[in-house]
Each structure stands twice: as C-alpha cells, then as structure tokens.
Amino acid sequence: MSTALPAPPPEALALSTRLAAQIAARIRAGGPMPLRDYLEAVLYSPGLGYYSAGARKFGAEGDFVTAPELGELYGRSLGFALAPVLAACRVPVLMELGGGSGALACSLLRTLAELDRLPQRYLMLDRSADLRERQRARIGEQLPALAERVEWLDAPPAAPFEGALVANEVIDALAPSCFSIAAEGDRERAVALAADGRFVEIDQAPATALATALAHLREHGIELPPGYRSEVLPELPAWLAAVTAPLVSGVAVFADYGYARREYYHPQRRMGTLIGHYRHHVIDDLFLWPGLVDWSASVDFTAVAEAGHAAGLELMSYDSQAGLLLGVGPARLLGELAGMDEAARYRLLAELKQLTLPGQMGERFKLMALGRGDAAQAWPLDGLGQRHLL
C-alpha cells in the first residue's frame, strides 16, 4: 500500500471491517469465493458496499471523475443526439441506468428542455439507495420544474416504452469473472482465507459459465497463452436483454471505458484491465479496505454488440467519445462560446480538450448505440465510426 494514500476516516474503516468480516464468514462457511463474488460483495453489499454506503464517490472530492462531472458539454452532446430519437416517439420516455450523482440527468433534462424535446417521463434505475437520494436532491435543487417527470425504479419497467435508454459507466461496474491461464489449463481467480485470517488470492477450476465464455473467445480467434490474466462478463447477454426488453422503439446508448475485443485481449494487455480507485489514486491491492475502493474493469464492446444482437437490437453506431462530441456538430457546441466571457470560454475549451483528446478521455471512452423499431432510425450518428474494429 502506498504511503501517499489518505487514510479513511474511522467511521469508514469501521464499515470496511464489518464488510470484511461478512465476506470472511461466507468463505469459512462455503469455501473459497470466486473473485467475481468478492467484487460483487465489496461493491454492492447492502449498507456496506462501495455503491451502497454513503461515501462521496464522484468529482474532485471523491474517488474518480466521470464525463458528466466535468461540466455540461458531455450531457449536452448526448442530449443533441437523443433529441431526434425522442421526437420520433409518440410518448417518449428516457431511462437512465446507474445515474451516479445525477449530473447527467440534469444536463440531459436541461438540454432537452431547451430543444423542446423533453421526455414525458425520465426513469432512473439505480441499485444504490444512497445515490438515489443524492440524485433526487440534485435534480430537485437544479431543476425543480422538471423534478416531477423523474421516477426512480427498483427494476426495469414492466410496461413497454418508446424512447431511449442511457447507461453511462454502468457496464464497467458489473463484477466480472476473472481468469488466469496456466500451463495445465484455464483457471478462475478466487479468494480464500490464510491461516491468520487474511484474504489471499488463489486459482481454482473455472465455473461452467466462465469456461463457456473462454471457449467463445477462442472460437473467435482470441489467443490466451499461459500466464495471461483478464476478465469476462458471462452474465452480460442476460443483463442487457433484461434492461433493454421494455424498449420497443428507440435506442440504448452504452458509454464506458473499453475496447473492441481484439484490443481488449491484446497480448500486451496480459494482466487484464481490473483496476481500483480510491481518492484519485490507482489501487492494485484487491483486499485493501473492502467497500471503500471502487473496482471496475474495462468493457469488451464486441461482447456488448453480440449481446445486443442476441436481444434483437441493431448496431446503430460505435465510436469514441470524441466521435460523439464532434459528430453532433462542433459548430453547434462551439457556437455557444460567442456569448461567454473569457473565463467561461476557457473552461469550456478545457473541458472539450479533456473529453476529446486521445491522451485524456477522448479515445478510451466509447459509446455504442443499439436500436430497435422505427424511432431508432432517427439516431443521428450513423457514420462508420469505429465499428470496423468490432
């Protein structure tokens, strides 16, 4: 552990200790735990997991910064792209998965209001009760006139709807199955207890779902040599089918850090993409402060496209974040500079650079739009983008 890490406050450490004890009890009762289950526990255990407890997660005071937290530019660009889709719907609905701090919802609602393309309802589906309250407070404070359109859900709606679904940095927060390739074959990374009670990582025989997923990668030309470690999401097809099932006409937009499959499993990326963040520090100790560190893995967007196809969705576009911002019309965005003072123009240009430059978010952050029904044809980003990489 780096000595540069700021120590958590005592109340946070107490929650982490409780969570570690719960996980240890599960291992004592049931044996070694797949690393996927450990990650699920440290991220989502009720009241104790990273996304379930009350710690600040987003922005300069949190553990990481998402594109919507930088300012309005990302949300406005996405709003410009969604507006014609919503206009093509009889009763448009917009559903956001994993709404984070509520920053994206505020940007989208504000932009769509300016364009006279507000959805009839804005649905928020989030597993975290704590984040729901933060979203509710932010929307109520910033957009009180629109707050009545927003509804929070525990599960995807049963009734079908037309419009759009937006998932910004959601798939990377799904706990992945983690594997290693040994000389004797495929292995699943797991968590056990040492004699002194500490968590230790071990390898064990892969679960059936993981073994099937690895076979699928090899069938599609992915080489996994001995010593290679990475991740895969066997549950992705079922998850994507469930969250998109109510969308009968419109687009589902998935935005996240990730790669096309051949780049994701490139030989040079032999240690995988699983990474932890704590107070803007990168963490590689899987067992440091359970529940206080954000763990995520990059997204295999080829797998997202495959899951979408299996769910009856058409691939509408796949491109980098820079492609989104430039695709909706840089003149439209930069034209807003005209009425700004010098300080505001500087902030907007700095935000644009961070969102679009390859060394910043511009290239690693991708957006994939999957469509269904007539309204999907109104999605404006229909260029080739990077779909040739899939």
# chains A, B, ... in the order shown; residues from 1 in each chain; ligands from 1

$ residues_around --residues "segment 179-192 of chain A" --least-positions-apart "2" --cutoff "8 Å" --atoms "only C-alpha atoms" --output "VMD selection string"
chain A and resid 27 31 to 36 38 177 194 199 to 207 210 to 211 224 to 231

$ write_last_selection --atoms "N, CA and C atoms" --output "JSON list (two decimals), in the first residue's frame"
[["chain", "number", "residue", "atom", "x", "y", "z"],
["A", 27, "ILE", "N", -16.72, -17.22, 3.37],
["A", 27, "ILE", "CA", -15.66, -18.12, 2.91],
["A", 27, "ILE", "C", -15.50, -19.29, 3.88],
["A", 31, "GLY", "N", -16.27, -22.14, 1.62],
["A", 31, "GLY", "CA", -15.03, -22.37, 0.90],
["A", 31, "GLY", "C", -14.64, -21.17, 0.06],
["A", 32, "PRO", "N", -13.54, -21.29, -0.69],
["A", 32, "PRO", "CA", -13.05, -20.16, -1.50],
["A", 32, "PRO", "C", -14.14, -19.55, -2.37],
["A", 33, "MET", "N", -14.10, -18.24, -2.48],
["A", 33, "MET", "CA", -15.12, -17.46, -3.18],
["A", 33, "MET", "C", -14.56, -16.99, -4.52],
["A", 34, "PRO", "N", -15.25, -17.22, -5.63],
["A", 34, "PRO", "CA", -14.78, -16.65, -6.89],
["A", 34, "PRO", "C", -14.55, -15.15, -6.74],
["A", 35, "LEU", "N", -13.50, -14.65, -7.37],
["A", 35, "LEU", "CA", -13.19, -13.23, -7.25],
["A", 35, "LEU", "C", -14.37, -12.38, -7.71],
["A", 36, "ARG", "N", -15.14, -12.87, -8.68],
["A", 36, "ARG", "CA", -16.33, -12.14, -9.11],
["A", 36, "ARG", "C", -17.28, -11.92, -7.94],
["A", 38, "TYR", "N", -16.52, -11.89, -4.75],
["A", 38, "TYR", "CA", -15.88, -10.95, -3.82],
["A", 38, "TYR", "C", -16.09, -9.51, -4.29],
["A", 177, "SER", "N", -16.10, -11.92, -14.14],
["A", 177, "SER", "CA", -15.40, -13.16, -13.81],
["A", 177, "SER", "C", -13.94, -12.98, -14.21],
["A", 194, "ALA", "N", -6.18, -17.07, 4.57],
["A", 194, "ALA", "CA", -4.93, -17.61, 5.08],
["A", 194, "ALA", "C", -5.13, -18.05, 6.53],
["A", 199, "PHE", "N", -7.29, -12.25, 3.71],
["A", 199, "PHE", "CA", -7.72, -12.69, 2.38],
["A", 199, "PHE", "C", -6.49, -12.95, 1.52],
["A", 200, "VAL", "N", -6.54, -14.04, 0.76],
["A", 200, "VAL", "CA", -5.47, -14.34, -0.20],
["A", 200, "VAL", "C", -6.12, -14.78, -1.51],
["A", 201, "GLU", "N", -5.44, -14.52, -2.61],
["A", 201, "GLU", "CA", -5.96, -14.93, -3.90],
["A", 201, "GLU", "C", -5.42, -16.30, -4.26],
["A", 202, "ILE", "N", -6.30, -17.16, -4.79],
["A", 202, "ILE", "CA", -5.92, -18.48, -5.26],
["A", 202, "ILE", "C", -6.53, -18.68, -6.64],
["A", 203, "ASP", "N", -6.14, -19.74, -7.31],
["A", 203, "ASP", "CA", -6.76, -20.17, -8.56],
["A", 203, "ASP", "C", -7.52, -21.46, -8.33],
["A", 204, "GLN", "N", -8.66, -21.59, -9.02],
["A", 204, "GLN", "CA", -9.43, -22.82, -8.92],
["A", 204, "GLN", "C", -10.04, -23.14, -10.28],
["A", 205, "ALA", "N", -10.66, -24.31, -10.38],
["A", 205, "ALA", "CA", -11.29, -24.69, -11.64],
["A", 205, "ALA", "C", -12.38, -23.69, -12.00],
["A", 206, "PRO", "N", -12.50, -23.31, -13.26],
["A", 206, "PRO", "CA", -13.49, -22.30, -13.64],
["A", 206, "PRO", "C", -14.91, -22.82, -13.56],
["A", 207, "ALA", "N", -15.83, -21.93, -13.16],
["A", 207, "ALA", "CA", -17.25, -22.25, -13.19],
["A", 207, "ALA", "C", -17.68, -22.48, -14.64],
["A", 210, "LEU", "N", -17.96, -19.36, -16.89],
["A", 210, "LEU", "CA", -16.66, -18.81, -17.27],
["A", 210, "LEU", "C", -16.00, -19.69, -18.32],
["A", 211, "ALA", "N", -16.02, -21.00, -18.15],
["A", 211, "ALA", "CA", -15.41, -21.91, -19.12],
["A", 211, "ALA", "C", -16.06, -21.74, -20.50],
["A", 224, "LEU", "N", -5.14, -16.99, -25.84],
["A", 224, "LEU", "CA", -4.95, -16.78, -24.41],
["A", 224, "LEU", "C", -3.79, -17.67, -23.96],
["A", 225, "PRO", "N", -2.56, -17.18, -24.04],
["A", 225, "PRO", "CA", -1.40, -18.00, -23.72],
["A", 225, "PRO", "C", -1.22, -18.17, -22.21],
["A", 226, "PRO", "N", -0.45, -19.17, -21.78],
["A", 226, "PRO", "CA", -0.16, -19.35, -20.36],
["A", 226, "PRO", "C", 0.42, -18.06, -19.77],
["A", 227, "GLY", "N", -0.03, -17.73, -18.57],
["A", 227, "GLY", "CA", 0.41, -16.50, -17.90],
["A", 227, "GLY", "C", -0.53, -15.33, -18.13],
["A", 228, "TYR", "N", -1.49, -15.48, -19.05],
["A", 228, "TYR", "CA", -2.41, -14.39, -19.37],
["A", 228, "TYR", "C", -3.50, -14.31, -18.31],
["A", 229, "ARG", "N", -3.82, -13.07, -17.88],
["A", 229, "ARG", "CA", -4.89, -12.84, -16.90],
["A", 229, "ARG", "C", -5.81, -11.75, -17.45],
["A", 230, "SER", "N", -7.11, -11.94, -17.28],
["A", 230, "SER", "CA", -8.03, -10.91, -17.71],
["A", 230, "SER", "C", -9.41, -11.18, -17.11],
["A", 231, "GLU", "N", -10.43, -10.60, -17.74],
["A", 231, "GLU", "CA", -11.78, -10.68, -17.22],
["A", 231, "GLU", "C", -12.77, -10.91, -18.37]]

$ residues_around --residues "Leu123 of chain A" --least-positions-apart "3" --cutoff "12 Å" --atoms "only C-alpha atoms" --output "number ranges by chain"
A: 92-99, 102, 105, 109, 119-120, 126, 132, 135-136, 147-157, 161, 163-167

$ write_last_selection --atoms "C-alpha atoms" --output "JSON list (two decimals), in the first residue's frame"
[["chain", "number", "residue", "atom", "x", "y", "z"],
["A", 92, "PRO", "CA", -41.15, 9.47, -25.41],
["A", 93, "VAL", "CA", -39.54, 8.05, -22.29],
["A", 94, "LEU", "CA", -35.88, 8.29, -21.28],
["A", 95, "MET", "CA", -34.46, 5.73, -18.85],
["A", 96, "GLU", "CA", -31.02, 6.12, -17.25],
["A", 97, "LEU", "CA", -29.22, 3.21, -15.64],
["A", 98, "GLY", "CA", -26.88, 3.92, -12.75],
["A", 99, "GLY", "CA", -27.48, 7.66, -12.51],
["A", 102, "GLY", "CA", -27.46, 12.95, -11.03],
["A", 105, "ALA", "CA", -29.75, 13.58, -15.72],
["A", 109, "LEU", "CA", -33.12, 17.32, -18.97],
["A", 119, "PRO", "CA", -39.42, 13.00, -22.48],
["A", 120, "GLN", "CA", -42.78, 12.52, -20.83],
["A", 126, "ASP", "CA", -30.07, 2.57, -9.67],
["A", 132, "ARG", "CA", -30.85, 7.72, -5.39],
["A", 135, "GLN", "CA", -29.87, 12.24, -7.45],
["A", 136, "ARG", "CA", -33.24, 13.29, -6.06],
["A", 147, "ALA", "CA", -38.44, 17.05, -10.98],
["A", 148, "GLU", "CA", -41.98, 15.66, -11.26],
["A", 149, "ARG", "CA", -41.05, 13.96, -14.54],
["A", 150, "VAL", "CA", -38.38, 11.86, -12.80],
["A", 151, "GLU", "CA", -39.26, 8.47, -11.35],
["A", 152, "TRP", "CA", -36.96, 6.05, -9.53],
["A", 153, "LEU", "CA", -37.25, 2.32, -10.19],
["A", 154, "ASP", "CA", -36.06, -0.86, -8.49],
["A", 155, "ALA", "CA", -36.19, -2.89, -11.71],
["A", 156, "PRO", "CA", -36.72, -2.31, -15.43],
["A", 157, "PRO", "CA", -40.33, -1.21, -16.04],
["A", 161, "PHE", "CA", -41.95, 2.24, -23.80],
["A", 163, "GLY", "CA", -37.60, 6.48, -26.43],
["A", 164, "ALA", "CA", -34.08, 5.88, -25.17],
["A", 165, "LEU", "CA", -32.01, 4.12, -22.54],
["A", 166, "VAL", "CA", -28.70, 5.60, -21.38],
["A", 167, "ALA", "CA", -26.08, 3.68, -19.36]]

$ select_by_dssp --residues "segment 84-277 of chain A" --states "alpha helix (DSSP H)" --output "MDAnalysis selection string"
chainID A and resid 84:87 103:114 129:142 208:219 236:244 261:264

$ closest_residue --among "A:Leu73, A:Val85, A:Leu125, A:Val91" --to "Val243 of chain A" --atoms "only C-alpha atoms"
A:Leu125

$ atom_distance --atom1 "atom CA of Trp295 of chain A" --atom2 "atom CA of Leu48 of chain A"
14.5 Å

$ residues_around --residues "Arg117 of chain A" --least-positions-apart "6" --cutoff "8 Å" --atoms "only C-alpha atoms" --output "list of chain:residue names"
A:Ala83, A:Leu86, A:Ala87

$ write_last_selection --atoms "C-alpha atoms" --output "PDB file, in the first residue's frame"
ATOM      1  CA  ALA A  83     -33.421  14.654 -29.324  1.00  0.00           C
ATOM      2  CA  LEU A  86     -37.348  11.221 -28.768  1.00  0.00           C
ATOM      3  CA  ALA A  87     -39.054  13.375 -31.413  1.00  0.00           C
TER       4      ALA A  87
END

$ residues_around --residues "Ser45 of chain A" --least-positions-apart "4" --cutoff "12 Å" --atoms "only C-alpha atoms" --output "MDAnalysis selection string"
chainID A and resid 15:16 18:20 22:23 37:41 49:53 127:129 290:292

$ atom_distance --atom1 "atom CA of Ala260 of chain A" --atom2 "atom CA of Ala303 of chain A"
8.3 Å

$ closest_atom_pairs --of "segment 157-201 of chain A" --to "segment 274-277 of chain A" --cutoff "10 Å" --atoms "only C-alpha atoms" --output "Markdown table"
| residue | atom | partner | partner_atom | distance |
| --- | --- | --- | --- | --- |
| A:Asp172 | CA | A:Leu274 | CA | 9.4 |
| A:Ala175 | CA | A:Leu274 | CA | 9.8 |
| A:Pro176 | CA | A:Leu274 | CA | 8.8 |
| A:Cys178 | CA | A:Leu274 | CA | 8.7 |

$ atom_distance --atom1 "atom CA of Ala369 of chain A" --atom2 "atom CA of Asp294 of chain A"
26.1 Å

$ residues_around --residues "Leu381 of chain A" --least-positions-apart "4" --cutoff "8 Å" --atoms "only C-alpha atoms" --output "list in words"
Ala81, Met316, Ser317, Leu324, Gly327 and Val328 of chain A

$ closest_residue --among "A:Ala375, A:Asp130, A:Cys106, A:Ala238" --to "Glu72 of chain A" --atoms "only C-alpha atoms"
A:Cys106

$ closest_residue --among "A:Asp300, A:Asp284, A:Asp319, A:Asp382" --to "Arg261 of chain A" --atoms "only C-alpha atoms"
A:Asp300

$ closest_residue --among "A:Leu326, A:Pro234, A:Leu193, A:Asp285" --to "Gly30 of chain A" --atoms "only C-alpha atoms"
A:Leu193

$ select_by_dssp --residues "segment 5-242 of chain A" --states "strand (DSSP E)" --output "ChimeraX atom specification"
/A:33-34,92-97,121-125,150-153,161-168,177-182,185-193,199-204,229-232

$ closest_residue --among "A:Thr212, A:Val248, A:Tyr74, A:Leu13" --to "Gly373 of chain A" --atoms "only C-alpha atoms"
A:Val248

$ closest_residue --among "A:Ser296, A:Met271, A:Gly79, A:Arg138" --to "Ile283 of chain A" --atoms "only C-alpha atoms"
A:Ser296
